[in-house]
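**Q** Pasting model.cif here (mmCIF, C-alpha atoms and all ligand atoms):
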```cif
data_target
loop_
_atom_site.label_atom_id
_atom_site.label_comp_id
_atom_site.auth_asym_id
_atom_site.auth_seq_id
_atom_site.Cartn_x
_atom_site.Cartn_y
_atom_site.Cartn_z
CA MET X 65 -10.98 17.19 13.42
CA PHE X 66 -11.12 13.87 15.26
CA THR X 67 -11.07 15.25 18.77
CA ASP X 68 -14.73 16.25 18.95
CA ALA X 69 -16.44 12.86 19.33
CA THR X 70 -19.99 14.21 19.32
CA HIS X 71 -19.39 15.95 16.03
CA VAL X 72 -18.00 12.75 14.50
CA MET X 73 -21.01 10.79 15.70
CA SER X 74 -23.50 13.19 14.20
CA SER X 75 -22.08 13.84 10.73
CA ARG X 76 -21.09 11.53 7.91
CA ARG X 77 -17.49 11.54 6.79
CA ARG X 78 -17.22 12.43 3.15
CA LEU X 79 -14.82 10.33 1.12
CA VAL X 80 -12.96 10.36 -2.12
CA VAL X 81 -11.75 6.90 -3.14
CA LEU X 82 -8.83 6.96 -5.57
CA GLY X 83 -8.54 3.59 -7.31
CA SER X 84 -12.13 2.60 -6.51
CA THR X 85 -12.32 -0.28 -9.00
CA GLY X 86 -9.31 -2.20 -7.63
CA SER X 87 -9.15 -4.69 -4.78
CA ILE X 88 -8.79 -2.14 -1.94
CA GLY X 89 -11.25 0.26 -3.63
CA THR X 90 -14.02 -2.32 -3.87
CA ASN X 91 -13.39 -3.47 -0.28
CA CYS X 92 -13.63 0.18 0.78
CA LEU X 93 -17.00 0.54 -0.96
CA ASP X 94 -18.14 -2.63 0.78
CA VAL X 95 -17.38 -0.92 4.09
CA VAL X 96 -19.42 2.10 2.89
CA ASP X 97 -22.31 -0.28 2.11
CA HIS X 98 -22.35 -1.34 5.76
CA LEU X 99 -21.68 2.09 7.27
CA GLY X 100 -23.81 4.29 5.07
CA ASP X 101 -24.94 6.31 8.08
CA ARG X 102 -21.33 7.32 8.77
CA LEU X 103 -19.68 7.42 5.36
CA GLU X 104 -20.65 9.20 2.18
CA VAL X 105 -18.85 8.92 -1.17
CA LEU X 106 -18.19 12.28 -2.84
CA GLY X 107 -15.72 11.13 -5.48
CA LEU X 108 -14.40 7.99 -7.17
CA SER X 109 -11.49 7.53 -9.52
CA ALA X 110 -10.29 4.73 -11.74
CA HIS X 111 -7.57 4.52 -14.35
CA SER X 112 -9.29 2.72 -17.20
CA SER X 113 -12.14 0.56 -15.79
CA GLY X 114 -14.91 2.85 -17.07
CA GLU X 115 -17.65 0.24 -16.98
CA THR X 116 -17.08 -0.65 -13.31
CA LEU X 117 -16.74 3.03 -12.45
CA LEU X 118 -20.11 3.72 -14.06
CA GLN X 119 -21.76 0.95 -12.01
CA GLN X 120 -20.21 2.37 -8.85
CA ALA X 121 -21.41 5.88 -9.77
CA ARG X 122 -24.98 4.58 -10.10
CA ARG X 123 -24.80 2.84 -6.75
CA TYR X 124 -23.01 5.48 -4.62
CA ARG X 125 -24.14 8.61 -6.50
CA PRO X 126 -20.93 10.63 -5.96
CA ARG X 127 -20.51 14.21 -7.17
CA TRP X 128 -17.56 13.31 -9.34
CA VAL X 129 -16.00 10.35 -11.06
CA ALA X 130 -12.56 10.61 -12.64
CA LEU X 131 -10.88 8.49 -15.29
CA THR X 132 -7.16 9.06 -15.46
CA ASP X 133 -6.50 7.15 -18.69
CA PRO X 134 -7.25 9.58 -21.57
CA GLU X 135 -8.32 6.79 -23.94
CA ALA X 136 -10.76 5.33 -21.37
CA ALA X 137 -12.08 8.83 -20.69
CA ARG X 138 -12.75 9.34 -24.42
CA ARG X 139 -14.68 6.08 -24.62
CA PHE X 140 -16.71 6.81 -21.45
CA ASP X 141 -20.33 7.83 -22.05
CA ALA X 142 -20.89 10.50 -19.39
CA SER X 143 -24.59 10.76 -20.32
CA GLN X 144 -25.04 7.43 -18.51
CA LEU X 145 -24.00 8.98 -15.18
CA PRO X 146 -26.71 9.65 -12.58
CA ASP X 147 -27.99 13.21 -12.12
CA GLY X 148 -25.58 15.44 -10.22
CA CYS X 149 -22.51 13.33 -11.04
CA ARG X 150 -19.81 14.84 -13.23
CA LEU X 151 -17.00 13.14 -15.14
CA LEU X 152 -13.59 14.72 -14.52
CA THR X 153 -10.71 14.01 -16.88
CA GLY X 154 -7.23 15.31 -17.50
CA ALA X 155 -4.19 15.88 -15.35
CA ASP X 156 -5.99 17.93 -12.68
CA ALA X 157 -9.06 15.71 -12.24
CA VAL X 158 -7.85 13.93 -9.12
CA ALA X 159 -6.55 17.12 -7.47
CA GLU X 160 -9.88 18.86 -8.13
CA MET X 161 -11.77 16.12 -6.26
CA VAL X 162 -9.45 15.60 -3.31
CA GLN X 163 -8.94 19.31 -2.61
CA ASP X 164 -12.65 20.17 -2.47
CA SER X 165 -13.47 21.83 0.86
CA GLU X 166 -16.23 19.32 1.62
CA VAL X 167 -13.98 16.25 1.43
CA ASP X 168 -12.94 14.84 4.83
CA VAL X 169 -10.96 11.71 3.96
CA VAL X 170 -9.14 10.61 0.82
CA VAL X 171 -8.54 6.88 0.40
CA THR X 172 -5.52 6.32 -1.84
CA ALA X 173 -5.92 2.83 -3.23
CA ILE X 174 -4.14 3.34 -6.54
CA VAL X 175 -1.45 0.71 -7.15
CA GLY X 176 2.14 1.83 -7.60
CA ALA X 177 3.91 5.15 -8.00
CA ALA X 178 0.83 6.54 -9.79
CA GLY X 179 -0.70 6.94 -6.32
CA LEU X 180 1.66 9.74 -5.35
CA LEU X 181 -0.17 12.50 -7.24
CA GLY X 182 -3.47 12.12 -5.40
CA THR X 183 -1.83 11.70 -1.99
CA TRP X 184 0.26 14.80 -2.57
CA ALA X 185 -2.71 16.92 -3.67
CA ALA X 186 -4.78 15.79 -0.68
CA LEU X 187 -2.01 16.53 1.82
CA GLU X 188 -1.40 19.94 0.26
CA ALA X 189 -5.02 20.71 1.08
CA GLY X 190 -4.48 19.48 4.67
CA LYS X 191 -6.76 16.45 4.26
CA THR X 192 -6.74 13.17 6.12
CA VAL X 193 -5.39 10.48 3.82
CA ALA X 194 -6.12 6.80 4.41
CA VAL X 195 -2.98 5.38 2.82
CA ALA X 196 -3.52 2.09 1.03
CA ASN X 197 -0.80 2.92 -1.46
CA LYS X 198 2.46 1.98 0.25
CA GLU X 199 4.45 2.86 -2.87
CA THR X 200 3.85 6.56 -2.19
CA LEU X 201 5.68 6.32 1.13
CA VAL X 202 8.40 4.10 -0.30
CA LEU X 203 8.98 6.52 -3.14
CA ALA X 204 8.75 9.84 -1.32
CA GLY X 205 8.30 9.12 2.40
CA ALA X 206 10.49 12.01 3.57
CA LEU X 207 8.68 14.60 1.44
CA VAL X 208 5.18 13.18 2.03
CA THR X 209 5.49 13.08 5.82
CA GLU X 210 7.04 16.56 5.82
CA LEU X 211 4.17 17.90 3.68
CA ALA X 212 1.57 16.33 5.99
CA ALA X 213 3.19 17.94 9.04
CA ARG X 214 3.49 21.33 7.32
CA ARG X 215 -0.09 21.49 6.01
CA GLY X 216 -1.79 19.86 8.99
CA GLY X 217 -2.78 16.78 6.99
CA LYS X 218 -2.96 13.32 8.52
CA LEU X 219 -1.75 9.95 7.27
CA LEU X 220 -3.77 6.97 8.51
CA PRO X 221 -2.46 3.51 7.61
CA VAL X 222 -4.64 1.03 5.72
CA ASP X 223 -1.99 -1.62 5.10
CA SER X 224 -3.01 -4.36 7.57
CA GLU X 225 0.37 -4.50 9.36
CA HIS X 226 0.64 -0.74 9.74
CA SER X 227 -2.97 -0.48 10.85
CA ALA X 228 -2.20 -3.12 13.50
CA ILE X 229 0.79 -1.13 14.75
CA PHE X 230 -1.21 2.10 14.71
CA GLN X 231 -4.02 0.41 16.67
CA ALA X 232 -1.61 -1.13 19.21
CA MET X 233 0.08 2.25 19.74
CA GLN X 234 -3.14 4.10 20.61
CA GLY X 235 -2.83 5.61 24.05
CA SER X 236 0.96 5.29 24.22
CA PRO X 237 3.45 8.02 23.38
CA PRO X 238 5.75 7.21 20.41
CA GLU X 239 8.82 7.30 22.69
CA ALA X 240 7.41 4.34 24.67
CA VAL X 241 7.92 2.06 21.65
CA GLU X 242 11.01 -0.14 21.73
CA ARG X 243 10.47 -1.91 18.41
CA ILE X 244 7.77 -2.99 16.00
CA VAL X 245 7.52 -6.44 14.45
CA LEU X 246 5.78 -6.74 11.09
CA THR X 247 4.21 -10.12 10.43
CA GLY X 248 4.05 -11.66 6.98
CA SER X 249 2.42 -14.85 5.71
CA GLY X 250 5.61 -15.85 3.89
CA GLY X 251 3.67 -15.95 0.61
CA PRO X 252 3.02 -18.95 -1.64
CA PHE X 253 6.69 -20.05 -1.69
CA ARG X 254 7.36 -20.19 2.04
CA GLY X 255 9.60 -23.15 2.87
CA ARG X 256 11.02 -23.47 -0.65
CA SER X 257 14.71 -23.28 -1.43
CA ARG X 258 16.09 -20.74 -3.85
CA ALA X 259 16.77 -23.46 -6.44
CA GLU X 260 13.12 -24.50 -6.27
CA LEU X 261 12.06 -21.01 -7.32
CA GLU X 262 14.04 -20.96 -10.58
CA ASP X 263 11.12 -22.10 -12.72
CA VAL X 264 7.98 -20.98 -10.91
CA THR X 265 5.17 -19.82 -13.16
CA VAL X 266 3.09 -16.64 -13.04
CA GLU X 267 0.08 -18.75 -11.99
CA GLU X 268 1.96 -20.25 -9.03
CA ALA X 269 3.18 -16.83 -7.93
CA LEU X 270 -0.35 -15.40 -8.15
CA ASN X 271 -1.76 -18.11 -5.86
CA HIS X 272 -1.48 -16.45 -2.43
CA PRO X 273 -2.31 -18.71 0.53
CA THR X 274 -4.17 -16.23 2.79
CA TRP X 275 -4.92 -12.91 1.06
CA ARG X 276 -6.94 -12.20 -2.11
CA MET X 277 -5.37 -9.12 -3.68
CA GLY X 278 -4.48 -7.50 -6.98
CA PRO X 279 -1.70 -9.03 -9.16
CA LYS X 280 1.07 -6.53 -8.33
CA ILE X 281 0.90 -6.91 -4.55
CA THR X 282 0.41 -10.69 -4.88
CA ILE X 283 3.69 -11.02 -6.79
CA ASP X 284 5.31 -8.68 -4.23
CA SER X 285 4.10 -11.08 -1.51
CA ALA X 286 5.65 -14.04 -3.31
CA THR X 287 9.09 -12.36 -3.57
CA LEU X 288 8.71 -10.85 -0.05
CA MET X 289 9.25 -7.47 -1.73
CA ASN X 290 5.91 -6.52 -0.21
CA LYS X 291 7.43 -6.94 3.27
CA ALA X 292 10.50 -5.00 2.14
CA LEU X 293 8.26 -2.12 1.00
CA GLU X 294 6.37 -2.37 4.29
CA VAL X 295 9.59 -1.95 6.30
CA ILE X 296 10.20 1.29 4.38
CA GLU X 297 6.55 2.32 4.77
CA ALA X 298 6.77 1.73 8.56
CA ARG X 299 10.01 3.69 8.76
CA TRP X 300 8.16 6.78 7.49
CA LEU X 301 4.73 6.28 9.06
CA PHE X 302 6.12 5.69 12.55
CA ALA X 303 9.41 7.62 12.27
CA LEU X 304 11.40 4.59 13.42
CA PRO X 305 14.92 3.65 12.32
CA PRO X 306 15.07 0.33 10.43
CA GLU X 307 17.00 -1.40 13.23
CA ARG X 308 13.86 -1.07 15.37
CA ILE X 309 11.63 -2.66 12.71
CA GLU X 310 11.62 -6.45 12.53
CA VAL X 311 9.86 -8.99 10.36
CA ILE X 312 8.56 -12.38 11.42
CA VAL X 313 6.79 -14.96 9.29
CA HIS X 314 3.35 -15.94 10.59
CA PRO X 315 1.62 -18.16 8.02
CA GLU X 316 -1.93 -17.86 9.39
CA SER X 317 -2.06 -14.06 8.85
CA VAL X 318 -4.19 -13.52 11.96
CA ILE X 319 -1.75 -11.48 14.05
CA HIS X 320 -1.20 -8.44 11.87
CA SER X 321 1.84 -7.06 13.72
CA PHE X 322 3.35 -6.51 17.18
CA VAL X 323 4.48 -3.46 19.08
CA GLU X 324 7.05 -4.03 21.84
CA PHE X 325 7.16 -1.23 24.39
CA LYS X 326 10.06 -0.05 26.55
CA ASP X 327 8.70 -1.91 29.59
CA GLY X 328 8.73 -5.25 27.72
CA SER X 329 4.97 -5.40 27.10
CA VAL X 330 3.96 -6.50 23.61
CA LEU X 331 0.63 -5.50 22.08
CA ALA X 332 -0.72 -6.98 18.88
CA GLN X 333 -3.84 -6.66 16.74
CA LEU X 334 -5.61 -9.83 15.59
CA SER X 335 -8.37 -10.54 13.11
CA PRO X 336 -8.97 -12.85 10.14
CA PRO X 337 -7.19 -11.71 6.97
CA ASP X 338 -9.83 -9.28 5.66
CA MET X 339 -8.82 -5.83 4.39
CA ARG X 340 -12.21 -4.39 5.24
CA LEU X 341 -11.19 -4.12 8.91
CA PRO X 342 -8.08 -1.91 8.51
CA ILE X 343 -9.96 0.14 5.87
CA GLN X 344 -12.87 0.65 8.25
CA TYR X 345 -10.58 1.56 11.15
CA ALA X 346 -8.98 4.31 9.06
CA LEU X 347 -12.40 5.59 7.98
CA THR X 348 -14.03 5.63 11.43
CA TYR X 349 -10.90 6.36 13.50
CA PRO X 350 -10.80 6.67 16.46
CA GLU X 351 -14.15 4.95 16.84
CA ARG X 352 -14.88 1.25 16.57
CA VAL X 353 -18.24 0.19 15.20
CA ALA X 354 -19.78 -3.04 13.87
CA GLY X 355 -18.86 -3.54 10.23
CA PRO X 356 -18.59 -6.19 7.50
CA ALA X 357 -15.19 -7.73 8.38
CA ARG X 358 -15.01 -11.41 9.23
CA ARG X 359 -14.44 -12.36 12.86
CA LEU X 360 -12.20 -14.86 14.59
CA ASN X 361 -13.94 -18.10 15.39
CA TRP X 362 -12.59 -18.78 18.88
CA ARG X 363 -13.88 -22.37 18.87
CA GLU X 364 -11.78 -23.26 15.85
CA LEU X 365 -8.53 -21.65 16.98
CA SER X 366 -5.73 -23.97 17.97
CA ALA X 367 -2.21 -22.78 17.17
CA TRP X 368 -0.41 -19.92 15.52
CA HIS X 369 3.01 -20.40 14.02
CA PHE X 370 6.07 -18.23 13.62
CA GLU X 371 9.39 -18.59 11.83
CA GLN X 372 12.27 -16.37 10.86
CA PRO X 373 12.26 -15.08 7.26
CA ASP X 374 14.54 -16.97 4.86
CA HIS X 375 16.85 -14.25 3.58
CA GLU X 376 18.69 -16.54 1.20
CA THR X 377 15.57 -17.57 -0.73
CA PHE X 378 14.00 -14.13 -0.48
CA PRO X 379 16.78 -11.51 -0.78
CA ALA X 380 14.20 -8.78 -1.48
CA LEU X 381 13.69 -8.28 2.25
CA GLN X 382 17.29 -7.11 2.74
CA LEU X 383 16.80 -4.60 -0.07
CA GLY X 384 14.01 -3.08 2.00
CA TYR X 385 16.27 -2.64 5.01
CA GLU X 386 19.05 -1.24 2.90
CA VAL X 387 16.72 1.30 1.30
CA ALA X 388 15.15 2.22 4.66
CA ARG X 389 18.67 2.91 5.99
CA ARG X 390 20.00 4.87 3.00
CA GLY X 391 16.85 6.86 2.16
CA GLY X 392 17.29 9.59 -0.45
CA THR X 393 16.64 8.40 -3.99
CA CYS X 394 16.84 4.68 -3.03
CA GLY X 395 13.12 4.30 -2.33
CA ALA X 396 12.12 5.73 -5.71
CA VAL X 397 14.60 3.45 -7.47
CA LEU X 398 13.59 0.27 -5.63
CA ASN X 399 9.89 0.95 -6.06
CA ALA X 400 10.09 1.75 -9.77
CA ALA X 401 12.51 -1.09 -10.50
CA ASN X 402 10.20 -3.51 -8.74
CA GLU X 403 7.09 -2.28 -10.58
CA ALA X 404 8.87 -2.62 -13.92
CA ALA X 405 10.29 -6.04 -13.04
CA VAL X 406 6.91 -7.36 -11.84
CA GLU X 407 5.33 -6.18 -15.10
CA ARG X 408 7.99 -8.01 -17.08
CA PHE X 409 7.51 -11.17 -14.97
CA LEU X 410 3.71 -11.05 -15.49
CA ARG X 411 4.34 -10.77 -19.26
CA GLY X 412 6.58 -13.85 -19.15
CA ASP X 413 9.59 -11.71 -19.98
CA LEU X 414 11.58 -12.28 -16.75
CA ASP X 415 12.01 -15.26 -14.43
CA PHE X 416 10.68 -15.04 -10.89
CA LEU X 417 14.12 -14.71 -9.29
CA ASP X 418 15.04 -12.01 -11.81
CA ILE X 419 12.59 -9.59 -10.16
CA THR X 420 14.84 -9.11 -7.15
CA ARG X 421 18.04 -9.34 -9.25
CA ALA X 422 16.83 -6.51 -11.48
CA CYS X 423 16.02 -4.39 -8.42
CA ARG X 424 19.48 -5.11 -6.95
CA ALA X 425 21.11 -4.04 -10.23
CA ALA X 426 19.08 -0.82 -10.41
CA LEU X 427 20.00 0.10 -6.83
CA ASP X 428 23.67 -0.64 -7.49
CA HIS X 429 23.86 1.49 -10.63
CA HIS X 430 21.71 4.47 -9.77
CA GLN X 431 23.07 7.89 -9.03
CA TYR X 432 22.32 8.39 -5.34
CA SER X 433 21.18 11.67 -3.88
CA PRO X 434 20.51 11.93 -0.10
CA THR X 435 17.91 14.74 -0.17
CA PRO X 436 16.13 14.68 -3.53
CA THR X 437 13.31 17.01 -4.56
CA LEU X 438 10.05 15.61 -5.92
CA ALA X 439 11.29 16.30 -9.47
CA GLU X 440 14.53 14.41 -8.77
CA LEU X 441 12.56 11.48 -7.36
CA SER X 442 10.50 11.46 -10.52
CA ASP X 443 13.74 11.33 -12.57
CA SER X 444 15.02 8.43 -10.45
CA ASP X 445 11.70 6.64 -10.94
CA ARG X 446 11.87 7.07 -14.71
CA TRP X 447 15.53 6.04 -14.87
CA ALA X 448 14.90 2.86 -12.83
CA ARG X 449 12.00 1.80 -15.08
CA GLN X 450 14.15 2.26 -18.19
CA GLU X 451 17.04 0.44 -16.54
CA VAL X 452 14.89 -2.57 -15.65
CA GLY X 453 13.25 -2.42 -19.08
CA ARG X 454 16.59 -3.15 -20.72
CA TRP X 455 18.01 -5.31 -17.91
CA ASN X 456 18.91 -8.82 -18.97
CA ASN X 457 20.29 -11.43 -16.61
CA ARG X 458 21.99 -13.29 -19.43
CA THR X 459 24.19 -10.49 -20.69
CA THR X 460 26.58 -8.17 -18.93
CA ARG X 461 25.37 -4.66 -18.40
CA THR X 462 27.20 -2.17 -20.55
CA THR X 463 25.39 1.09 -20.02
CA THR X 464 25.01 3.38 -17.04
CA ILE X 465 22.71 6.23 -17.94
CA LYS X 466 22.21 9.25 -15.68
MG MG B 1 0.42 -5.49 4.20
#
```
What do you get writing this file as structure tokens?
Ligand code: MG

**A**
Amino acid sequence: MFTDATHVMSSRRRLVVLGSTGSIGTNCLDVVDHLGDRLEVLGLSAHSSGETLLQQARRYRPRWVALTDPEAARRFDASQLPDGCRLLTGADAVAEMVQDSEVDVVVTAIVGAAGLLGTWAALEAGKTVAVANKETLVLAGALVTELAARRGGKLLPVDSEHSAIFQAMQGSPPEAVERIVLTGSGGPFRGRSRAELEDVTVEEALNHPTWRMGPKITIDSATLMNKALEVIEARWLFALPPERIEVIVHPESVIHSFVEFKDGSVLAQLSPPDMRLPIQYALTYPERVAGPARRLNWRELSAWHFEQPDHETFPALQLGYEVARRGGTCGAVLNAANEAAVERFLRGDLDFLDITRACRAALDHHQYSPTPTLAELSDSDRWARQEVGRWNNRTTRTTTIK
């Protein structure tokens, strides 16, 4: 659908935004505000933020809004919706929106494993999916990429690093790539020793130096689990083995990743840390148009810095490589264990360093399967959440269930 440039120029792309009230969702709608002649919102979904969803419905006048939390849906006053906009609820609400024949692009901005359902439904219908939910690929990368290939769907990266790689690879065949290098800011605890992280508070971990994001990904950035998940995400998006995916710390977050080609050339994509740019690129691909993203100020640039990641302080990164190598059920276990551990940390129920320890324990004790079905991945996900729910770093584990 993207090969006919004149067609793209003359018609607006019709979007469904899953997770429209979160950080990526609101940035996406900001892009729509600036590119209203190219983008049209057909559907919006939120989990429980009914009030924000209603405001968005009034502004963007979609055909459908969906609330996935049954309690929030019960409380929602659908009579307040603008004319022509319908509230969808229940298990099939998201699938109904994303599979509509008039939808061109589905933006999956739901946080966590909950994002899989919408991505799956969209790919089954052969849609283009702008993937802002890396957990979907971590959890079920093999099945998701296979489904996309089988149904003629497309996966376009929104994660800034993966968008950078995708942009740098334009015009080059995949076999010309020698390696990719994901950059990461290093998070709020860059330069600290492991001992210094024993007592960090939730507030300190939520204070990211360069990116403003939701709480889950901000904690993932502080543990470097975010980079671990991104290694796995890259493994599936670009079909590269983990030994050809590297990570380098770049505190300024201006260079969003590198691609090294067989001939030794390295291409990178640069821009200020602003998610609206990778979102816009996915929505207007392959075109580039003026949009809302901030620009580099060339007069203020002086130096960019790089350092190797500190694997001792941030062992999460190695978990990412291990999971990218082993595949199978490992991605579902790491992702679910991490989500459960981050929730416990945010509640004050686990220490910061326990997040990665709990993930390590879940990976060590899970029953591995190399080629799981979607149902088996769902079982692994559930098992890992329960395992982390009862995990305690002060007592010895006594149970191994499943
Ligand atoms: Mg990223």

**Q** Identify, on the basis of only C-alpha atoms, every residue whose closest approach to X:Leu151 does not exceed 9 Å; exclude the query and any residue fewer than 3 positions from it along the same chain; express the result as a list in words.

**A**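 So the residues in contact are Arg127, Trp128, Val129, Ala130, Leu131, Ala137, Phe140, Ala142, Leu145 and Ala157 of chain X.
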
**Q** Can you work out which residues are within 12 Å of ligand MG 1 (chain B), considering all atoms listed in the file, and then hand them over as a count of residues only?

**A** 50

**Q** Please indicate the distance in Å from atom CA of X:Asn402 to atom CA of X:Ala422, rounded to one decimal place.

**A** 7.8 Å

**Q** Identify which of the residues X:Leu398, X:Leu220, X:Val266, X:Val452 lies closest to X:Pro350, counting only C-alpha atoms when measuring atom-to-atom distances.

**A**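 Among the listed residues, the smallest separation from X:Pro350 belongs to X:Leu220.
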
**Q** Give me the residues within 12 Å of X:Gly391 as a PyMOL selection string, counting all atoms listed in the file and dropping any in the same chain fewer than 5 places off.

**A** chain X and resi 201-207+296-297+299-300+305-306+383-386+396-398+427+432-436+441

**Q** Let's have the selection written as a compact mmCIF listing (two decimals), in the frame of the given file, with C-alpha atoms.

**A**
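And here is the file that came out, selection03.txt:
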```txt
# COMPACT_ATOMS: atom_id res chain seq x y z
CA LEU X 201 5.68 6.32 1.13
CA VAL X 202 8.40 4.10 -0.30
CA LEU X 203 8.98 6.52 -3.14
CA ALA X 204 8.75 9.84 -1.32
CA GLY X 205 8.30 9.12 2.40
CA ALA X 206 10.49 12.01 3.57
CA LEU X 207 8.68 14.60 1.44
CA ILE X 296 10.20 1.29 4.38
CA GLU X 297 6.55 2.32 4.77
CA ARG X 299 10.01 3.69 8.76
CA TRP X 300 8.16 6.78 7.49
CA PRO X 305 14.92 3.65 12.32
CA PRO X 306 15.07 0.33 10.43
CA LEU X 383 16.80 -4.60 -0.07
CA GLY X 384 14.01 -3.08 2.00
CA TYR X 385 16.27 -2.64 5.01
CA GLU X 386 19.05 -1.24 2.90
CA ALA X 396 12.12 5.73 -5.71
CA VAL X 397 14.60 3.45 -7.47
CA LEU X 398 13.59 0.27 -5.63
CA LEU X 427 20.00 0.10 -6.83
CA TYR X 432 22.32 8.39 -5.34
CA SER X 433 21.18 11.67 -3.88
CA PRO X 434 20.51 11.93 -0.10
CA THR X 435 17.91 14.74 -0.17
CA PRO X 436 16.13 14.68 -3.53
CA LEU X 441 12.56 11.48 -7.36
```

**Q** So how many Å separate atom CA of X:Val313 and atom CA of X:Ser257, to one decimal?

**A**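 Distance reported for this atom pair: 15.7 Å.
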
**Q** What does the distance from atom CA of X:Gln450 to atom CA of X:Leu82 come to in Å, to one decimal?

**A** 26.6 Å

**Q** If the box runs along x, y and z of the file and leaves 3 Å on each side of stretch 435-446 of chain X, what are its centre and edge lengths in Å, one decimal, as lines of an AutoDock Vina configuration file?

**A**
```
center_x = 14.0
center_y = 11.8
center_z = -7.4
size_x = 13.9
size_y = 16.4
size_z = 20.5
```

**Q** What's the 9 Å shell around stretch 238-242 of chain X, counting only C-alpha atoms, without same-chain residues fewer than 3 positions away, as a ChimeraX atom specification?

**A** /X:233,302-303,308,323-328

**Q** Which of these residues is nearest to X:Arg389, using only C-alpha atoms: X:Val167, X:Glu371, X:Glu451, X:Glu307?

**A**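 Counting only C-alpha atoms, the residue closest to X:Arg389 is X:Glu307.
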
**Q** Quick one: everything within 12 Å of X:Trp362, counting only C-alpha atoms, minus sequence neighbours fewer than 2 positions away in the same chain. Send it as number ranges by chain.

**A** X: 334-336, 359-360, 364-367

**Q** Please, could you write that set of residues out with C-alpha atoms as a CSV table (one decimal), keeping the file's coordinate frame?

**A**
```csv
chain,number,residue,atom,x,y,z
X,334,LEU,CA,-5.6,-9.8,15.6
X,335,SER,CA,-8.4,-10.5,13.1
X,336,PRO,CA,-9.0,-12.8,10.1
X,359,ARG,CA,-14.4,-12.4,12.9
X,360,LEU,CA,-12.2,-14.9,14.6
X,364,GLU,CA,-11.8,-23.3,15.8
X,365,LEU,CA,-8.5,-21.6,17.0
X,366,SER,CA,-5.7,-24.0,18.0
X,367,ALA,CA,-2.2,-22.8,17.2
```

**Q** Name the closest residue to X:Cys423 among the candidates X:Val158, X:Ala448, X:Val193, X:Ala232; distances are taken between atoms, counting only C-alpha atoms.

**A**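 Ranking X:Val158, X:Ala448, X:Val193, X:Ala232 by distance to X:Cys423, first place goes to X:Ala448.
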